[in-house]
Each structure stands twice: as C-alpha cells, then as structure tokens.
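Q: The file below is upload.cif, mmCIF, C-alpha atoms:
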```cif
data_input
loop_
_atom_site.label_atom_id
_atom_site.label_comp_id
_atom_site.auth_asym_id
_atom_site.auth_seq_id
_atom_site.Cartn_x
_atom_site.Cartn_y
_atom_site.Cartn_z
CA MET A 159 18.49 13.95 -1.28
CA HIS A 160 20.90 11.85 0.77
CA VAL A 161 21.15 8.31 -0.53
CA SER A 162 23.87 6.18 1.00
CA LYS A 163 27.55 5.68 1.52
CA ASP A 164 27.65 3.99 -1.88
CA GLU A 165 26.22 6.05 -4.74
CA ARG A 166 25.92 3.06 -7.06
CA PHE A 167 22.63 2.11 -5.38
CA SER A 168 21.04 5.40 -6.43
CA GLN A 169 21.46 4.69 -10.15
CA PRO A 170 18.72 2.54 -11.72
CA LEU A 171 19.55 0.12 -14.49
CA SER A 172 19.12 1.48 -18.00
CA GLY A 173 15.49 1.32 -19.12
CA LEU A 174 14.14 0.49 -15.67
CA GLY A 175 13.20 3.97 -14.49
CA ARG A 176 9.58 3.94 -15.67
CA GLU A 177 6.67 2.09 -14.15
CA GLU A 178 5.39 -0.66 -16.40
CA ARG A 179 1.61 -0.47 -16.64
CA SER A 180 -0.12 -3.60 -15.48
CA THR A 181 -2.11 -5.64 -17.99
CA LEU A 182 -4.75 -6.20 -15.33
CA ALA A 183 -8.25 -4.86 -15.79
CA PRO A 184 -9.21 -1.64 -13.96
CA PRO A 185 -9.78 -1.97 -10.19
CA PHE A 186 -11.81 -5.09 -9.58
CA MET A 187 -14.65 -6.12 -7.35
CA LYS A 188 -15.16 -9.68 -8.63
CA ASP A 189 -13.11 -12.84 -8.54
CA HIS A 190 -12.59 -15.18 -11.51
CA ASP A 191 -15.58 -17.27 -10.46
CA GLY A 192 -17.84 -14.27 -10.12
CA PRO A 193 -18.50 -13.89 -6.35
CA THR A 194 -18.03 -10.44 -4.83
CA LEU A 195 -14.65 -10.05 -3.17
CA ALA A 196 -15.58 -7.12 -0.98
CA LYS A 197 -18.72 -5.14 -0.46
CA PRO A 198 -18.16 -1.40 -0.93
CA ALA A 199 -18.67 0.56 2.27
CA PRO A 200 -22.03 2.34 2.29
CA GLY A 201 -22.16 6.07 1.75
CA GLY A 202 -19.47 6.46 -0.90
CA PRO A 203 -15.71 7.12 -0.65
CA VAL A 204 -16.17 10.43 1.21
CA ARG A 205 -19.03 10.90 3.64
CA PRO A 206 -19.95 13.17 6.55
CA TYR A 207 -18.95 12.06 10.03
CA LEU A 208 -22.09 11.56 12.10
CA GLY A 209 -20.57 10.16 15.27
CA GLU A 210 -19.94 6.61 14.04
CA ASP A 211 -17.58 4.58 16.23
CA HIS A 212 -17.20 1.62 13.86
CA LEU A 213 -17.61 0.46 10.26
CA ASP A 214 -18.67 -3.07 9.33
CA VAL A 215 -16.85 -4.51 6.30
CA VAL A 216 -16.98 -7.74 4.30
CA VAL A 217 -13.95 -9.15 2.46
CA GLY A 218 -14.45 -12.42 0.66
CA ASN A 219 -16.76 -14.28 3.03
CA LEU A 220 -15.28 -12.65 6.13
CA LYS A 221 -17.16 -10.03 8.14
CA ARG A 222 -15.14 -7.68 10.30
CA ARG A 223 -15.68 -4.46 12.29
CA LEU A 224 -13.24 -1.55 12.01
CA PRO A 225 -13.07 1.24 14.61
CA VAL A 226 -13.56 4.76 13.25
CA VAL A 227 -10.74 6.97 14.55
CA LYS A 228 -9.86 10.65 14.20
CA VAL A 229 -6.56 11.27 12.39
CA GLU A 230 -6.71 15.03 11.83
CA LYS A 231 -9.03 17.92 12.64
CA GLY A 232 -12.30 17.16 10.90
CA VAL A 233 -11.06 13.85 9.40
CA TRP A 234 -11.83 10.28 10.53
CA ILE A 235 -10.91 6.93 8.99
CA ALA A 236 -11.84 3.29 9.57
CA SER A 237 -8.67 1.76 11.02
CA ASP A 238 -7.61 -1.75 9.99
CA ALA A 239 -4.59 -1.89 12.34
CA ASN A 240 -5.95 -4.68 14.56
CA LEU A 241 -6.90 -6.78 11.53
CA ILE A 242 -3.75 -6.47 9.50
CA LEU A 243 -1.44 -6.98 12.47
CA GLY A 244 -3.26 -9.77 14.27
CA ASP A 245 -6.08 -11.44 12.36
CA GLY A 246 -4.36 -14.37 10.65
CA VAL A 247 -7.50 -15.66 8.95
CA PHE A 248 -8.25 -12.24 7.48
CA ILE A 249 -4.66 -11.70 6.32
CA GLN A 250 -4.53 -15.09 4.61
CA ARG A 251 -7.86 -14.54 2.82
CA CYS A 252 -6.78 -11.12 1.55
CA ALA A 253 -3.46 -12.56 0.41
CA GLU A 254 -5.25 -15.30 -1.53
CA LEU A 255 -7.50 -12.77 -3.28
CA LEU A 256 -4.59 -10.53 -4.23
CA ALA A 257 -2.29 -13.37 -5.28
CA SER A 258 -4.98 -14.78 -7.59
CA ARG A 259 -4.82 -11.53 -9.58
CA LEU A 260 -1.08 -11.07 -9.43
CA LYS A 261 -0.36 -14.47 -10.97
CA ARG A 262 -0.90 -12.84 -14.37
CA VAL A 263 1.82 -10.27 -13.67
CA PRO A 264 5.53 -11.17 -14.03
CA ILE A 265 6.86 -10.48 -10.52
CA ASP A 266 10.30 -11.21 -9.10
CA ALA A 267 9.88 -9.69 -5.63
CA VAL A 268 7.37 -8.05 -3.30
CA LEU A 269 8.19 -4.78 -1.51
CA THR A 270 6.33 -3.26 1.44
CA ALA A 271 6.96 -0.75 4.23
CA GLU A 272 7.16 -1.70 7.89
CA ALA A 273 5.22 -2.52 9.84
CA LYS A 274 1.47 -3.05 9.28
CA ALA A 275 1.62 -4.65 5.84
CA ILE A 276 4.49 -7.05 6.56
CA PRO A 277 2.24 -10.07 7.32
CA LEU A 278 0.22 -9.41 4.15
CA ALA A 279 3.36 -9.03 2.03
CA PHE A 280 4.79 -12.26 3.45
CA ALA A 281 1.58 -14.16 2.70
CA VAL A 282 1.26 -12.82 -0.85
CA SER A 283 4.94 -13.46 -1.56
CA SER A 284 4.64 -17.04 -0.31
CA LEU A 285 1.54 -17.71 -2.42
CA LEU A 286 3.41 -16.42 -5.47
CA GLY A 287 6.22 -18.85 -4.75
CA LYS A 288 8.84 -16.27 -3.80
CA GLU A 289 11.47 -17.23 -1.26
CA ARG A 290 12.24 -13.65 -0.26
CA PHE A 291 10.37 -10.34 0.04
CA LEU A 292 11.61 -6.82 0.75
CA VAL A 293 10.73 -4.54 3.67
CA ALA A 294 11.53 -0.83 3.69
CA ARG A 295 12.44 0.20 7.23
CA LYS A 296 11.19 3.44 8.81
CA SER A 297 14.59 4.49 10.16
CA VAL A 298 18.29 3.92 9.62
CA LYS A 299 19.81 1.24 11.86
CA LYS A 300 23.47 1.16 12.87
CA TYR A 301 23.92 -2.34 11.49
CA MET A 302 22.77 -1.37 8.00
CA GLY A 303 25.97 0.17 6.68
CA GLU A 304 25.04 1.40 3.23
CA PHE A 305 21.41 2.06 2.34
CA VAL A 306 18.94 3.71 -0.02
CA GLU A 307 16.30 6.05 1.40
CA GLU A 308 13.19 8.00 0.42
CA GLU A 309 10.88 10.35 2.34
CA VAL A 310 7.15 9.91 2.87
CA ARG A 311 4.41 11.47 4.95
CA SER A 312 1.45 9.27 5.94
CA ILE A 313 -2.01 10.26 7.17
CA THR A 314 -1.66 7.95 10.19
CA THR A 315 1.82 9.09 11.28
CA GLU A 316 3.00 12.42 12.67
CA GLY A 317 5.50 14.30 10.48
CA ARG A 318 7.68 12.99 7.70
CA GLN A 319 9.18 9.53 7.69
CA LYS A 320 12.04 7.80 5.96
CA LEU A 321 11.77 4.60 3.99
CA VAL A 322 15.11 2.82 4.08
CA LEU A 323 16.34 -0.17 2.09
CA PRO A 324 19.60 -1.73 3.33
CA SER A 325 22.33 -2.36 0.77
CA GLU A 326 21.75 -6.12 0.76
CA ASP A 327 18.09 -5.61 -0.19
CA ALA A 328 19.01 -2.89 -2.69
CA VAL A 329 21.39 -5.28 -4.44
CA PHE A 330 18.69 -7.97 -4.48
CA ALA A 331 16.14 -5.53 -5.95
CA ARG A 332 18.43 -4.39 -8.77
CA GLY A 333 16.99 -5.52 -12.10
CA LYS A 334 13.96 -7.15 -10.43
CA ARG A 335 10.30 -6.68 -11.36
CA ILE A 336 8.79 -5.33 -8.15
CA CYS A 337 5.25 -5.58 -6.79
CA ILE A 338 4.50 -2.99 -4.10
CA ILE A 339 2.05 -4.06 -1.39
CA ASP A 340 0.31 -2.07 1.34
CA ASP A 341 -2.89 -2.50 3.30
CA VAL A 342 -4.60 0.80 2.37
CA VAL A 343 -4.03 3.56 -0.18
CA SER A 344 -5.54 7.02 0.32
CA THR A 345 -3.64 9.64 -1.70
CA GLY A 346 -0.85 7.25 -2.68
CA ALA A 347 1.99 8.91 -0.79
CA THR A 348 3.37 5.65 0.62
CA LEU A 349 2.93 3.66 -2.60
CA ASP A 350 4.63 6.39 -4.62
CA ALA A 351 7.51 6.67 -2.13
CA LEU A 352 8.02 2.89 -2.24
CA ALA A 353 8.04 3.05 -6.04
CA ARG A 354 10.72 5.76 -5.98
CA LEU A 355 12.72 3.69 -3.50
CA ALA A 356 12.49 0.60 -5.71
CA ARG A 357 13.71 2.59 -8.73
CA LYS A 358 16.61 4.06 -6.77
CA ALA A 359 17.68 0.51 -6.05
CA GLY A 360 17.45 -0.32 -9.76
CA GLY A 361 14.18 -2.23 -9.70
CA ARG A 362 11.19 -1.87 -12.01
CA VAL A 363 7.71 -1.45 -10.52
CA VAL A 364 5.24 -3.66 -12.37
CA SER A 365 2.30 -3.65 -9.95
CA LYS A 366 0.85 -1.93 -6.88
CA CYS A 367 -1.76 -3.66 -4.76
CA VAL A 368 -3.67 -3.02 -1.53
CA ILE A 369 -6.60 -4.45 0.37
CA TRP A 370 -8.54 -1.18 0.36
CA LYS A 371 -8.66 2.02 -1.63
CA GLU A 372 -9.64 4.72 0.86
CA GLY A 373 -11.39 7.94 -0.11
CA ALA A 374 -11.63 9.34 -3.62
CA TRP A 375 -8.17 10.73 -4.32
CA TYR A 376 -5.93 7.97 -5.61
CA ARG A 377 -6.58 7.21 -9.27
CA SER A 378 -4.62 4.55 -11.10
CA ARG A 379 -5.87 1.98 -13.59
CA SER A 380 -2.95 -0.26 -12.67
CA LEU A 381 -3.85 -0.47 -8.96
CA VAL A 382 -5.03 -3.88 -7.78
CA TYR A 383 -7.34 -3.71 -4.77
CA ILE A 384 -10.07 -5.72 -3.10
CA GLY A 385 -12.49 -3.15 -1.71
CA THR A 386 -13.07 0.47 -0.71
CA LEU A 387 -13.21 2.40 2.56
CA PRO A 388 -14.73 5.82 3.12
CA VAL A 389 -13.05 8.84 4.65
CA PHE A 390 -15.30 10.63 7.12
CA LEU A 391 -15.31 14.43 7.11
CA GLU A 392 -16.78 16.80 9.65
CA PRO A 393 -19.89 18.35 8.05
CA GLY A 394 -18.91 21.60 6.38
CA THR A 395 -15.28 20.56 5.80
CA ARG A 396 -14.22 22.01 2.47
CA GLN A 397 -12.33 20.18 -0.23
CA ALA A 398 -10.05 21.75 -2.83
CA GLY A 399 -11.86 20.73 -5.99
CA LYS A 400 -12.47 17.02 -5.57
CA ARG A 401 -9.30 16.43 -3.56
CA LEU A 402 -9.27 16.94 0.20
CA GLN A 403 -6.09 18.66 1.28
CA LEU A 404 -4.97 16.05 3.79
CA PRO A 405 -1.67 16.64 5.55
CA GLY A 406 -0.39 13.50 3.88
CA ALA A 407 -1.76 10.05 3.29
CA GLY A 408 -0.62 6.55 2.53
#
```
Turn this file's structure into structure tokens for me.
A:
Amino acid sequence: MHVSKDERFSQPLSGLGREERSTLAPPFMKDHDGPTLAKPAPGGPVRPYLGEDHLDVVVGNLKRRLPVVKVEKGVWIASDANLILGDGVFIQRCAELLASRLKRVPIDAVLTAEAKAIPLAFAVSSLLGKERFLVARKSVKKYMGEFVEEEVRSITTEGRQKLVLPSEDAVFARGKRICIIDDVVSTGATLDALARLARKAGGRVVSKCVIWKEGAWYRSRSLVYIGTLPVFLEPGTRQAGKRLQLPGAG
C-alpha cells in the first residue's frame, strides 16, 4: 500500500503496534450517578423496515428525531448527520458523557475522520484538556507534501475512500496514546481504518468511542459508547449467520 514520500512515517515505534485494551467496563448505559445516558432504540439492533420515516432517540436528557434513510438495497439507517454537524447542544452533551468515561484512560490525543465527527472530537478533546486533536482527511491535498494513508469503505459513502494524515500530524501522533472518536460504529470499518492509520504514524490506540453502536455486528469490550441504533432491513432480507453482508460500514 502506498504510504508517503517519506517511509519513516510508516514504521511504528517499537512496542506500539498493538491496541492496548481499555480498563473501562463493557459498553455502558449508565453514568457514574446512575441515570440512563441513552435509551436503547425499540425493536433491537436489527429490525424489519415497515415504512418508518423517523426514529425518536433520547441521549442524556435530550430528545431528538432522526430521519430514516435508505443506504443500500433493502437497508435503512437512522441518520444523525443533521445532529452531529449542526446541533451544538447535542454535540456538547454527548462530548460531556464520553469525556466523563475517558478521564480514566491515559490519552495524549484524539483522532477522528472528516467531516461529521469533527465537532464531537473537538469538544471531547477540549473537555479532556488537550490543546490539539487530529483529523484524518478523505483525500490528498497538494499542500500536504508527505502523508500517511489508509483505505476504508463506509456504509454511507459510495466506493472506497482514503484516510490521510499529513506529515505534521503523523509526527505529532508518533509515540502518543490515541483515542479514536466517531459518531456511529456499524461494522467498525472506519474505526479499524483509523486505528491502522494511527499505528502507521507510530501512535498507540488506547480507546475507541462513539455516540451510537449501530446494528449487531461490531463487538468489542473496549468500545465506549452512549447508546444504540437499529439497522432496518427489508422483510425477507437474509443475513450471513448473524452478520449482514453490508457493502461496507463505519
């Protein structure tokens, strides 16, 4: 796989190639004080699509409505795009809930992919007292010079994408304990690609966190998340075992 003009960025520091398992409890639904952080969406992580045009969700004490949109033949999801890119109150509340859990994890820097999760990553990073956070770009820019890259395919984007970390960010990430942040995880393609990117730059992934775990396919005891979202399937859609063969998911 092509890396960059400078091969030194593709070599992780000795001993930093493996993900350090988080000491956090398994995926949580309660805060330290006991109140529910997010109500699980009714109907389970995978449910038949019956013509719904929206899904009502509760995160913390905030109630929001997500549109249900078709992403592939026979597959619908509840889209959080308008929330995570424009609802400042919602973003701040989610950041507070995630940061309260991450304070027990030794983190040097937060890494996310452009563009939806950038406001969330900024808010979490600020609450953790970090002056800088890292953003993997979706394409190579002429001004970047040297860079590190990784491929990913997301359920909400057509075809394969690149995740690119400019040399300046790669140097900053080297030797750092990295927390990867995204808004939603489905199969984990984006989280895993970000983890590979961080390791190429010489960082060590110590935590992965999202607002929602979507569907029933991503399984990790080290994942930190607030709530769950269902994936809607056309009645009669077959799954391979317990894992739907999506074209790719984040």
Q: Have a look at A:Ala356, A:Val268, A:Leu391, A:Val263 and name the one nearest to Val282 in chain A; count all atoms listed in the file.
A: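 Between A:Ala356, A:Val268, A:Leu391, A:Val263, the residue approaching Val282 in chain A most closely is A:Val268.
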Q: Please evaluate the PyMOL selection byres ((chain A and resi 256) around 12) against the displayed coordinates and give the resulting residues as a VMD selection string.
A: chain A and resid 182 185 to 190 195 to 196 217 to 218 249 to 255 257 to 263 278 to 279 281 to 286 337 to 341 365 to 370 381 to 385
Q: I need the output of the PyMOL selection byres ((chain A and resi 238) around 9) for this file as a list of chain:residue names; which residues are they?
A: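 Applied to this file, the PyMOL selection byres ((chain A and resi 238) around 9) selects A:Arg223, A:Leu224, A:Pro225, A:Ala236, A:Ser237, A:Ala239, A:Asn240, A:Leu241, A:Ile242, A:Leu243, A:Asp341, A:Val342.
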Q: For CA of Lys288 in chain A and CA of Ala271 in chain A, quote the distance in Å rounded to one decimal.
A: 17.6 Å
Q: Any idea what the distance is between CA of Val293 in chain A and CA of Gly333 in chain A?
A: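 Atom-to-atom, CA of Val293 in chain A and CA of Gly333 in chain A are spaced 17.0 Å apart.
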Q: Please report the interatomic distance between CA of Leu349 in chain A and CA of Val233 in chain A in Å with one decimal.
A: 21.1 Å
Q: Restricting the calculation to all atoms listed in the file: of A:Ala359, A:Ala273, A:Leu387, A:Leu208, which residue gets closest to Val343 in chain A?
A: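 Of A:Ala359, A:Ala273, A:Leu387, A:Leu208, the one nearest Val343 in chain A, counting all atoms listed in the file, is A:Leu387.
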Q: I'd like to know which of A:Ala331, A:Val298, A:Ile235, A:Val215 is closest to Leu355 in chain A, using all atoms listed in the file.
A: A:Ala331
Q: Skipping near chain neighbours, those fewer than 5 positions away, what residues fall within 12 Å of Leu321 in chain A using all atoms listed in the file, listed as a ChimeraX atom specification?
A: /A:161,269-273,292-299,305-312,347-356,358
Q: Mind writing range 226-376 of chain A to a file for me, with C-alpha atoms, as a PDB file, in the first residue's frame?
A:
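decode.pdb, written as the output of this step:
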```
ATOM      1  CA  VAL A 226     -34.666   7.002   8.488  1.00  0.00           C
ATOM      2  CA  VAL A 227     -32.865   6.867   5.133  1.00  0.00           C
ATOM      3  CA  LYS A 228     -32.104   4.125   2.618  1.00  0.00           C
ATOM      4  CA  VAL A 229     -28.372   3.454   2.164  1.00  0.00           C
ATOM      5  CA  GLU A 230     -28.431   0.249   0.125  1.00  0.00           C
ATOM      6  CA  LYS A 231     -30.990  -2.073  -1.429  1.00  0.00           C
ATOM      7  CA  GLY A 232     -33.061  -3.426   1.435  1.00  0.00           C
ATOM      8  CA  VAL A 233     -31.113  -1.487   4.118  1.00  0.00           C
ATOM      9  CA  TRP A 234     -32.152   1.672   6.009  1.00  0.00           C
ATOM     10  CA  ILE A 235     -30.465   3.522   8.866  1.00  0.00           C
ATOM     11  CA  ALA A 236     -31.383   6.368  11.215  1.00  0.00           C
ATOM     12  CA  SER A 237     -29.158   9.241  10.082  1.00  0.00           C
ATOM     13  CA  ASP A 238     -27.581  11.561  12.663  1.00  0.00           C
ATOM     14  CA  ALA A 239     -25.974  13.887  10.075  1.00  0.00           C
ATOM     15  CA  ASN A 240     -28.063  16.953  10.960  1.00  0.00           C
ATOM     16  CA  LEU A 241     -27.423  16.464  14.676  1.00  0.00           C
ATOM     17  CA  ILE A 242     -23.710  15.859  14.630  1.00  0.00           C
ATOM     18  CA  LEU A 243     -22.999  18.648  12.147  1.00  0.00           C
ATOM     19  CA  GLY A 244     -25.305  21.343  13.469  1.00  0.00           C
ATOM     20  CA  ASP A 245     -26.854  20.698  16.883  1.00  0.00           C
ATOM     21  CA  GLY A 246     -24.405  22.346  19.272  1.00  0.00           C
ATOM     22  CA  VAL A 247     -26.343  21.458  22.418  1.00  0.00           C
ATOM     23  CA  PHE A 248     -26.495  17.793  21.416  1.00  0.00           C
ATOM     24  CA  ILE A 249     -22.802  17.656  20.480  1.00  0.00           C
ATOM     25  CA  GLN A 250     -21.749  19.229  23.778  1.00  0.00           C
ATOM     26  CA  ARG A 251     -23.901  16.849  25.836  1.00  0.00           C
ATOM     27  CA  CYS A 252     -22.529  13.797  24.029  1.00  0.00           C
ATOM     28  CA  ALA A 253     -18.985  15.094  24.469  1.00  0.00           C
ATOM     29  CA  GLU A 254     -19.556  15.515  28.212  1.00  0.00           C
ATOM     30  CA  LEU A 255     -20.870  11.957  28.547  1.00  0.00           C
ATOM     31  CA  LEU A 256     -17.961  10.477  26.617  1.00  0.00           C
ATOM     32  CA  ALA A 257     -15.297  12.610  28.299  1.00  0.00           C
ATOM     33  CA  SER A 258     -16.558  11.566  31.747  1.00  0.00           C
ATOM     34  CA  ARG A 259     -15.659   7.970  30.866  1.00  0.00           C
ATOM     35  CA  LEU A 260     -12.431   8.723  29.061  1.00  0.00           C
ATOM     36  CA  LYS A 261     -10.923  10.553  32.023  1.00  0.00           C
ATOM     37  CA  ARG A 262      -9.920   7.146  33.398  1.00  0.00           C
ATOM     38  CA  VAL A 263      -7.949   6.355  30.239  1.00  0.00           C
ATOM     39  CA  PRO A 264      -4.449   7.819  29.668  1.00  0.00           C
ATOM     40  CA  ILE A 265      -4.917   9.753  26.419  1.00  0.00           C
ATOM     41  CA  ASP A 266      -2.484  12.084  24.669  1.00  0.00           C
ATOM     42  CA  ALA A 267      -4.514  12.904  21.556  1.00  0.00           C
ATOM     43  CA  VAL A 268      -7.890  12.386  19.901  1.00  0.00           C
ATOM     44  CA  LEU A 269      -8.147  11.215  16.277  1.00  0.00           C
ATOM     45  CA  THR A 270     -11.215  11.334  14.035  1.00  0.00           C
ATOM     46  CA  ALA A 271     -12.058  11.283  10.325  1.00  0.00           C
ATOM     47  CA  GLU A 272     -13.517  14.241   8.472  1.00  0.00           C
ATOM     48  CA  ALA A 273     -16.091  15.508   8.452  1.00  0.00           C
ATOM     49  CA  LYS A 274     -19.135  14.558  10.572  1.00  0.00           C
ATOM     50  CA  ALA A 275     -17.350  13.743  13.823  1.00  0.00           C
ATOM     51  CA  ILE A 276     -15.017  16.764  13.849  1.00  0.00           C
ATOM     52  CA  PRO A 277     -17.225  18.888  16.168  1.00  0.00           C
ATOM     53  CA  LEU A 278     -17.585  15.948  18.580  1.00  0.00           C
ATOM     54  CA  ALA A 279     -13.844  15.236  18.543  1.00  0.00           C
ATOM     55  CA  PHE A 280     -13.079  18.908  19.190  1.00  0.00           C
ATOM     56  CA  ALA A 281     -15.488  19.029  22.130  1.00  0.00           C
ATOM     57  CA  VAL A 282     -14.206  15.808  23.703  1.00  0.00           C
ATOM     58  CA  SER A 283     -10.590  16.850  23.205  1.00  0.00           C
ATOM     59  CA  SER A 284     -11.256  20.223  24.848  1.00  0.00           C
ATOM     60  CA  LEU A 285     -13.010  18.629  27.826  1.00  0.00           C
ATOM     61  CA  LEU A 286     -10.014  16.328  28.287  1.00  0.00           C
ATOM     62  CA  GLY A 287      -7.730  19.355  28.353  1.00  0.00           C
ATOM     63  CA  LYS A 288      -5.970  18.681  25.058  1.00  0.00           C
ATOM     64  CA  GLU A 289      -4.757  21.633  23.035  1.00  0.00           C
ATOM     65  CA  ARG A 290      -4.700  19.744  19.747  1.00  0.00           C
ATOM     66  CA  PHE A 291      -6.654  16.926  18.079  1.00  0.00           C
ATOM     67  CA  LEU A 292      -6.049  15.028  14.839  1.00  0.00           C
ATOM     68  CA  VAL A 293      -8.277  14.815  11.765  1.00  0.00           C
ATOM     69  CA  ALA A 294      -7.752  12.244   9.021  1.00  0.00           C
ATOM     70  CA  ARG A 295      -8.618  13.834   5.683  1.00  0.00           C
ATOM     71  CA  LYS A 296     -10.609  11.997   2.991  1.00  0.00           C
ATOM     72  CA  SER A 297      -8.258  12.938   0.146  1.00  0.00           C
ATOM     73  CA  VAL A 298      -4.700  14.037  -0.512  1.00  0.00           C
ATOM     74  CA  LYS A 299      -4.259  17.807  -0.795  1.00  0.00           C
ATOM     75  CA  LYS A 300      -1.474  19.463  -2.781  1.00  0.00           C
ATOM     76  CA  TYR A 301      -0.269  21.397   0.244  1.00  0.00           C
ATOM     77  CA  MET A 302       0.269  18.262   2.335  1.00  0.00           C
ATOM     78  CA  GLY A 303       3.633  17.175   0.991  1.00  0.00           C
ATOM     79  CA  GLU A 304       4.343  13.930   2.805  1.00  0.00           C
ATOM     80  CA  PHE A 305       1.495  11.916   4.313  1.00  0.00           C
ATOM     81  CA  VAL A 306       0.308   8.594   5.706  1.00  0.00           C
ATOM     82  CA  GLU A 307      -2.796   6.974   4.231  1.00  0.00           C
ATOM     83  CA  GLU A 308      -5.197   4.074   4.758  1.00  0.00           C
ATOM     84  CA  GLU A 309      -8.240   2.830   2.826  1.00  0.00           C
ATOM     85  CA  VAL A 310     -11.773   2.477   4.172  1.00  0.00           C
ATOM     86  CA  ARG A 311     -15.237   1.813   2.807  1.00  0.00           C
ATOM     87  CA  SER A 312     -18.208   3.261   4.706  1.00  0.00           C
ATOM     88  CA  ILE A 313     -21.889   2.323   4.551  1.00  0.00           C
ATOM     89  CA  THR A 314     -22.853   5.967   3.946  1.00  0.00           C
ATOM     90  CA  THR A 315     -20.321   6.690   1.181  1.00  0.00           C
ATOM     91  CA  GLU A 316     -20.080   5.334  -2.357  1.00  0.00           C
ATOM     92  CA  GLY A 317     -16.946   3.282  -3.083  1.00  0.00           C
ATOM     93  CA  ARG A 318     -13.670   3.188  -1.224  1.00  0.00           C
ATOM     94  CA  GLN A 319     -12.167   6.198   0.487  1.00  0.00           C
ATOM     95  CA  LYS A 320      -8.760   7.237   1.687  1.00  0.00           C
ATOM     96  CA  LEU A 321      -7.938   8.391   5.179  1.00  0.00           C
ATOM     97  CA  VAL A 322      -4.932  10.696   5.035  1.00  0.00           C
ATOM     98  CA  LEU A 323      -2.782  12.083   7.835  1.00  0.00           C
ATOM     99  CA  PRO A 324      -0.390  14.885   6.819  1.00  0.00           C
ATOM    100  CA  SER A 325       3.241  14.558   7.890  1.00  0.00           C
ATOM    101  CA  GLU A 326       2.910  17.232  10.581  1.00  0.00           C
ATOM    102  CA  ASP A 327       0.078  15.300  12.240  1.00  0.00           C
ATOM    103  CA  ALA A 328       1.911  11.996  11.759  1.00  0.00           C
ATOM    104  CA  VAL A 329       4.938  13.388  13.575  1.00  0.00           C
ATOM    105  CA  PHE A 330       2.688  14.672  16.373  1.00  0.00           C
ATOM    106  CA  ALA A 331       0.988  11.262  16.700  1.00  0.00           C
ATOM    107  CA  ARG A 332       4.259   9.329  16.948  1.00  0.00           C
ATOM    108  CA  GLY A 333       4.558   7.800  20.415  1.00  0.00           C
ATOM    109  CA  LYS A 334       1.183   9.214  21.510  1.00  0.00           C
ATOM    110  CA  ARG A 335      -1.656   7.316  23.189  1.00  0.00           C
ATOM    111  CA  ILE A 336      -4.535   7.811  20.762  1.00  0.00           C
ATOM    112  CA  CYS A 337      -8.294   7.861  21.360  1.00  0.00           C
ATOM    113  CA  ILE A 338     -10.313   7.313  18.182  1.00  0.00           C
ATOM    114  CA  ILE A 339     -13.679   9.087  18.022  1.00  0.00           C
ATOM    115  CA  ASP A 340     -16.568   8.752  15.581  1.00  0.00           C
ATOM    116  CA  ASP A 341     -20.288   9.395  15.772  1.00  0.00           C
ATOM    117  CA  VAL A 342     -21.534   5.885  14.866  1.00  0.00           C
ATOM    118  CA  VAL A 343     -19.993   2.425  14.515  1.00  0.00           C
ATOM    119  CA  SER A 344     -21.727  -0.290  12.489  1.00  0.00           C
ATOM    120  CA  THR A 345     -19.243  -2.963  11.384  1.00  0.00           C
ATOM    121  CA  GLY A 346     -16.202  -0.992  12.550  1.00  0.00           C
ATOM    122  CA  ALA A 347     -14.625  -0.351   9.150  1.00  0.00           C
ATOM    123  CA  THR A 348     -13.895   3.325   9.846  1.00  0.00           C
ATOM    124  CA  LEU A 349     -12.711   2.776  13.426  1.00  0.00           C
ATOM    125  CA  ASP A 350     -10.406  -0.031  12.327  1.00  0.00           C
ATOM    126  CA  ALA A 351      -9.006   2.027   9.437  1.00  0.00           C
ATOM    127  CA  LEU A 352      -8.324   4.942  11.788  1.00  0.00           C
ATOM    128  CA  ALA A 353      -6.567   2.552  14.169  1.00  0.00           C
ATOM    129  CA  ARG A 354      -4.348   1.272  11.357  1.00  0.00           C
ATOM    130  CA  LEU A 355      -3.610   4.854  10.331  1.00  0.00           C
ATOM    131  CA  ALA A 356      -2.654   5.795  13.891  1.00  0.00           C
ATOM    132  CA  ARG A 357      -0.287   2.820  14.116  1.00  0.00           C
ATOM    133  CA  LYS A 358       1.322   3.666  10.775  1.00  0.00           C
ATOM    134  CA  ALA A 359       2.112   7.061  12.235  1.00  0.00           C
ATOM    135  CA  GLY A 360       3.646   5.397  15.297  1.00  0.00           C
ATOM    136  CA  GLY A 361       0.811   6.000  17.737  1.00  0.00           C
ATOM    137  CA  ARG A 362      -0.805   3.538  20.130  1.00  0.00           C
ATOM    138  CA  VAL A 363      -4.598   3.174  20.180  1.00  0.00           C
ATOM    139  CA  VAL A 364      -5.835   3.069  23.768  1.00  0.00           C
ATOM    140  CA  SER A 365      -9.548   3.721  23.278  1.00  0.00           C
ATOM    141  CA  LYS A 366     -12.323   3.869  20.683  1.00  0.00           C
ATOM    142  CA  CYS A 367     -15.536   5.738  21.399  1.00  0.00           C
ATOM    143  CA  VAL A 368     -18.741   6.680  19.573  1.00  0.00           C
ATOM    144  CA  ILE A 369     -22.146   8.105  20.361  1.00  0.00           C
ATOM    145  CA  TRP A 370     -24.016   5.114  18.954  1.00  0.00           C
ATOM    146  CA  LYS A 371     -23.358   1.476  18.204  1.00  0.00           C
ATOM    147  CA  GLU A 372     -25.500   0.661  15.178  1.00  0.00           C
ATOM    148  CA  GLY A 373     -26.761  -2.812  14.356  1.00  0.00           C
ATOM    149  CA  ALA A 374     -25.432  -6.040  15.842  1.00  0.00           C
ATOM    150  CA  TRP A 375     -22.106  -6.576  14.088  1.00  0.00           C
ATOM    151  CA  TYR A 376     -19.390  -4.659  15.908  1.00  0.00           C
TER     152      TYR A 376
END
```
